[in-house]
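> The structure that follows is given in the form of structure tokens.
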Amino acid sequence: AIEKVRGNPYLLARDIPGIGFETARCLRERGARVESIDRRVVREPPPLLFDLTSLQRTANRRYGLSAQRTLDVAQALYETHKLITYPRTDARHLTPDQVPELPAIVEALAELPPYRDCARGLLARPISPSSRVVNAAEVGDHHAILPTSVRVDPASLTPDQKRVYDLVARRLLAALSPDAIFDLTSLVLEVREARCPEPLPRPPRLRARGRVCRERGWQSIDPPPASRERDLPLLP
């Protein structure tokens, strides 16, 4: 639907009830010219590493796991399998003395098919985490949750253990990966005159917003939840 905003000379293309269906169809069937295009490049940095709370929220959103279930699974991965670090942490960063351990962890992840391409790409150059990863001032008794360098035997893990381990592994690889880069585009379209069932600004204008992904960066290994931003085709 197209929303008619009081006091706004534009009609905004959003999924919010506004003008009637017949008017929307009338506008859609008319030709339009591009009145203006505004583009800007934005960078989306990788997400922070997991603390327990953010891990629980992500596991619930993606897999429906309760907070207690996620904690129990993470404890088993830590205590029994030695595959992740201490999970009961409220830190989402590392300290500088942990940076030398990262290559060995990434090498272990490179042996697993889901992470191989990303891990090998990271190992092709020195691993130099940004301040979004390393910040001693943000670390208390325990640092953010990491996978360890212990080799994984998938056959030894339950389905939920595989899911939680996968979240932790992908989050580390994402945190070490480059920014995602997007072109944000805003279009204003002037619609040709049309006899519509209800009064409209003259001439009617439509505004559309969306983005074009230029470089996926970290999102290639740890895709974010679906965005409300619309993906637009490349425009001249």
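Numbering starts fresh at 1 for the residues of each chain in the structure tokens, the chains themselves are lettered A, B, ... in the order given, and ligands are numbered from 1 as they appear.
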What's the 9 Å shell around Ser131 (chain A), counting only C-alpha atoms, without same-chain residues fewer than 3 positions away, as a PyMOL selection string?
chain A and resi 93+134-135
> Just to be explicit: take each residue in the selection above, keep N, CA, C and O atoms, and write the result as a compact mmCIF listing (two decimals), in the first residue's frame.

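The resulting file, selection.txt, is shown below:
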```txt
# COMPACT_ATOMS: atom_id res chain seq x y z
N HIS A 93 33.91 -8.30 24.42
CA HIS A 93 35.21 -7.95 23.85
C HIS A 93 36.28 -8.90 24.39
O HIS A 93 36.03 -9.70 25.30
N VAL A 134 38.67 -6.02 20.36
CA VAL A 134 39.64 -5.95 21.46
C VAL A 134 39.48 -4.62 22.19
O VAL A 134 39.71 -3.55 21.62
N ASN A 135 39.10 -4.71 23.45
CA ASN A 135 38.94 -3.52 24.28
C ASN A 135 38.99 -3.97 25.74
O ASN A 135 37.98 -4.41 26.30
```
> Show me, as a Markdown table, the residues of region 107-133 of chain A having an atom within 12 Å of region 34-48 of chain A, each with the closest atom pair and its distance in Å, using only C-alpha atoms.

```
| residue | atom | partner | partner_atom | distance |
| --- | --- | --- | --- | --- |
| A:Pro129 | CA | A:Pro46 | CA | 11.1 |
| A:Ser130 | CA | A:Pro46 | CA | 10.1 |
| A:Ser131 | CA | A:Leu48 | CA | 10.1 |
| A:Arg132 | CA | A:Leu48 | CA | 6.5 |
| A:Val133 | CA | A:Leu48 | CA | 6.7 |
```
> Limited to all heavy atoms, could you put the picked residues into a file as a compact mmCIF listing (two decimals), in the first residue's frame?

```
# COMPACT_ATOMS: atom_id res chain seq x y z
N PRO A 129 42.47 -7.62 14.86
CA PRO A 129 41.10 -7.23 15.25
C PRO A 129 40.99 -5.74 15.54
O PRO A 129 41.93 -5.11 16.03
CB PRO A 129 40.84 -8.06 16.51
CG PRO A 129 41.91 -9.12 16.53
CD PRO A 129 43.08 -8.54 15.82
N SER A 130 39.82 -5.21 15.26
CA SER A 130 39.55 -3.80 15.54
C SER A 130 39.20 -3.62 17.01
O SER A 130 39.09 -4.58 17.79
CB SER A 130 38.39 -3.31 14.67
OG SER A 130 37.17 -3.88 15.13
N SER A 131 38.95 -2.37 17.38
CA SER A 131 38.57 -2.07 18.77
C SER A 131 37.17 -2.58 19.09
O SER A 131 36.78 -2.62 20.26
CB SER A 131 38.64 -0.56 19.01
OG SER A 131 37.78 0.13 18.12
N ARG A 132 36.40 -2.96 18.07
CA ARG A 132 35.10 -3.58 18.34
C ARG A 132 35.28 -5.01 18.86
O ARG A 132 34.35 -5.59 19.41
CB ARG A 132 34.24 -3.60 17.07
CG ARG A 132 33.73 -2.24 16.66
CD ARG A 132 32.92 -2.31 15.38
NE ARG A 132 31.77 -3.19 15.50
CZ ARG A 132 30.60 -2.83 16.02
NH1 ARG A 132 30.43 -1.61 16.49
NH2 ARG A 132 29.58 -3.67 16.06
N VAL A 133 36.47 -5.57 18.67
CA VAL A 133 36.77 -6.91 19.16
C VAL A 133 37.65 -6.85 20.40
O VAL A 133 37.41 -7.55 21.39
CB VAL A 133 37.46 -7.75 18.06
CG1 VAL A 133 37.86 -9.13 18.59
CG2 VAL A 133 36.56 -7.89 16.84
```
> For Val150 (chain A), list every protein, DNA or RNA residue within 9 Å, evaluated using only C-alpha atoms, and leave out those in the same chain fewer than 5 positions away; present the list as a VMD selection string.
chain A and resid 81 to 84 105 108
> Just give me the gap between CA of Arg163 (chain A) and CA of Asn60 (chain A) in Å, one decimal is fine.
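So the two atoms, CA of Arg163 (chain A) and CA of Asn60 (chain A), lie 11.1 Å apart.
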> Which distance in Å separates CA of Gln56 (chain A) and CA of Pro113 (chain A), to one decimal?
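Atom-to-atom, CA of Gln56 (chain A) to CA of Pro113 (chain A), that is 25.0 Å.
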> Counting only C-alpha atoms, which residue out of A:Gly121, A:Leu52, A:Thr80, A:Pro96 sits closest to Ala67 (chain A)?
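For Ala67 (chain A), the nearest of the given residues is A:Leu52.
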> Name all residues at most 12 Å from Arg120 (chain A) (count only C-alpha atoms; drop same-chain ones fewer than 2 positions away) and give them as a list in words.
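Listing them by chain and then by number gives Pro103, Ala104, Ile105, Val106, Glu107, Ala108, Leu109, Ala110, Glu111, Leu112, Pro113, Pro114, Tyr115, Arg116, Asp117, Cys118, Leu122, Leu123, Ala124, Arg125, Pro126, Ile127, Leu173 and Ser177 of chain A.
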> So which bits of region 116-203 of chain A end up helix (DSSP H, G or I) when you DSSP the backbone, as number ranges by chain?
A: 116-123, 136-138, 154-156, 159-175
> What gap, in Å, lies between CA of Thr95 (chain A) and CA of Pro147 (chain A)?
15.6 Å
> I'd like the contact shell of Ala59 (chain A) - 12 Å cut-off, only C-alpha atoms, skipping same-chain residues fewer than 5 positions apart - returned as a list in words.
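Those residues are Phe50, Leu52, Thr53, Ser54, Gly64, Leu65, Ser66, Ala67, Gln68, Arg69, Thr70, Leu71, Val73, Ala74, Asp160, Gln161, Lys162, Arg163, Val164, Tyr165, Asp166, Leu167 and Val168 of chain A.
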> Keeping N, CA, C and O atoms for every residue in the selection just given, could you write it to a file as an mmCIF file, in the first residue's frame?

```cif
data_model
loop_
_atom_site.group_PDB
_atom_site.id
_atom_site.type_symbol
_atom_site.label_atom_id
_atom_site.label_comp_id
_atom_site.auth_asym_id
_atom_site.auth_seq_id
_atom_site.Cartn_x
_atom_site.Cartn_y
_atom_site.Cartn_z
ATOM 1 N N PHE A 50 29.761 -12.505 21.221
ATOM 2 C CA PHE A 50 28.682 -12.856 22.139
ATOM 3 C C PHE A 50 29.109 -12.765 23.598
ATOM 4 O O PHE A 50 30.201 -13.211 23.973
ATOM 5 N N LEU A 52 26.817 -13.943 27.261
ATOM 6 C CA LEU A 52 25.783 -14.958 27.466
ATOM 7 C C LEU A 52 24.410 -14.444 27.043
ATOM 8 O O LEU A 52 23.660 -15.158 26.357
ATOM 9 N N THR A 53 24.073 -13.230 27.426
ATOM 10 C CA THR A 53 22.736 -12.712 27.127
ATOM 11 C C THR A 53 22.491 -12.611 25.629
ATOM 12 O O THR A 53 21.434 -13.026 25.131
ATOM 13 N N SER A 54 23.430 -12.070 24.888
ATOM 14 C CA SER A 54 23.239 -11.938 23.442
ATOM 15 C C SER A 54 23.218 -13.304 22.762
ATOM 16 O O SER A 54 22.492 -13.497 21.779
ATOM 17 N N GLY A 64 14.518 -20.998 18.684
ATOM 18 C CA GLY A 64 13.485 -21.191 19.689
ATOM 19 C C GLY A 64 13.988 -21.760 20.998
ATOM 20 O O GLY A 64 13.192 -22.258 21.802
ATOM 21 N N LEU A 65 15.291 -21.702 21.246
ATOM 22 C CA LEU A 65 15.835 -22.235 22.498
ATOM 23 C C LEU A 65 15.569 -21.262 23.640
ATOM 24 O O LEU A 65 15.742 -20.052 23.483
ATOM 25 N N SER A 66 15.184 -21.786 24.773
ATOM 26 C CA SER A 66 14.987 -20.942 25.951
ATOM 27 C C SER A 66 16.345 -20.488 26.471
ATOM 28 O O SER A 66 17.394 -21.055 26.138
ATOM 29 N N ALA A 67 16.329 -19.441 27.305
ATOM 30 C CA ALA A 67 17.579 -18.951 27.881
ATOM 31 C C ALA A 67 18.277 -20.039 28.685
ATOM 32 O O ALA A 67 19.499 -20.207 28.601
ATOM 33 N N GLN A 68 17.499 -20.806 29.469
ATOM 34 C CA GLN A 68 18.101 -21.864 30.277
ATOM 35 C C GLN A 68 18.667 -22.972 29.406
ATOM 36 O O GLN A 68 19.745 -23.507 29.676
ATOM 37 N N ARG A 69 17.943 -23.326 28.349
ATOM 38 C CA ARG A 69 18.433 -24.375 27.453
ATOM 39 C C ARG A 69 19.744 -23.948 26.792
ATOM 40 O O ARG A 69 20.683 -24.742 26.690
ATOM 41 N N THR A 70 19.811 -22.696 26.356
ATOM 42 C CA THR A 70 21.043 -22.209 25.733
ATOM 43 C C THR A 70 22.194 -22.238 26.726
ATOM 44 O O THR A 70 23.320 -22.641 26.382
ATOM 45 N N LEU A 71 21.934 -21.844 27.971
ATOM 46 C CA LEU A 71 22.981 -21.888 28.991
ATOM 47 C C LEU A 71 23.440 -23.318 29.226
ATOM 48 O O LEU A 71 24.643 -23.595 29.303
ATOM 49 N N VAL A 73 23.335 -25.861 27.204
ATOM 50 C CA VAL A 73 24.087 -26.337 26.039
ATOM 51 C C VAL A 73 25.476 -25.706 26.019
ATOM 52 O O VAL A 73 26.482 -26.385 25.771
ATOM 53 N N ALA A 74 25.545 -24.405 26.292
ATOM 54 C CA ALA A 74 26.841 -23.730 26.293
ATOM 55 C C ALA A 74 27.749 -24.290 27.385
ATOM 56 O O ALA A 74 28.960 -24.464 27.171
ATOM 57 N N ASP A 160 21.294 -29.456 19.315
ATOM 58 C CA ASP A 160 21.347 -28.134 19.937
ATOM 59 C C ASP A 160 22.783 -27.690 20.192
ATOM 60 O O ASP A 160 23.103 -26.497 20.087
ATOM 61 N N GLN A 161 23.660 -28.621 20.534
ATOM 62 C CA GLN A 161 25.067 -28.264 20.713
ATOM 63 C C GLN A 161 25.683 -27.787 19.405
ATOM 64 O O GLN A 161 26.464 -26.826 19.377
ATOM 65 N N LYS A 162 25.329 -28.445 18.313
ATOM 66 C CA LYS A 162 25.816 -28.000 17.003
ATOM 67 C C LYS A 162 25.308 -26.599 16.690
ATOM 68 O O LYS A 162 26.050 -25.757 16.154
ATOM 69 N N ARG A 163 24.045 -26.319 17.023
ATOM 70 C CA ARG A 163 23.471 -25.007 16.732
ATOM 71 C C ARG A 163 24.180 -23.902 17.516
ATOM 72 O O ARG A 163 24.533 -22.858 16.963
ATOM 73 N N VAL A 164 24.374 -24.118 18.799
ATOM 74 C CA VAL A 164 24.998 -23.084 19.626
ATOM 75 C C VAL A 164 26.470 -22.921 19.245
ATOM 76 O O VAL A 164 26.972 -21.781 19.160
ATOM 77 N N TYR A 165 27.153 -24.012 18.991
ATOM 78 C CA TYR A 165 28.548 -23.900 18.550
ATOM 79 C C TYR A 165 28.627 -23.122 17.244
ATOM 80 O O TYR A 165 29.511 -22.268 17.058
ATOM 81 N N ASP A 166 27.713 -23.397 16.336
ATOM 82 C CA ASP A 166 27.702 -22.706 15.050
ATOM 83 C C ASP A 166 27.519 -21.203 15.239
ATOM 84 O O ASP A 166 28.170 -20.393 14.560
ATOM 85 N N LEU A 167 26.638 -20.799 16.143
ATOM 86 C CA LEU A 167 26.451 -19.377 16.416
ATOM 87 C C LEU A 167 27.751 -18.733 16.894
ATOM 88 O O LEU A 167 28.133 -17.654 16.429
ATOM 89 N N VAL A 168 28.425 -19.388 17.811
ATOM 90 C CA VAL A 168 29.660 -18.828 18.380
ATOM 91 C C VAL A 168 30.761 -18.778 17.327
ATOM 92 O O VAL A 168 31.489 -17.777 17.210
#
```
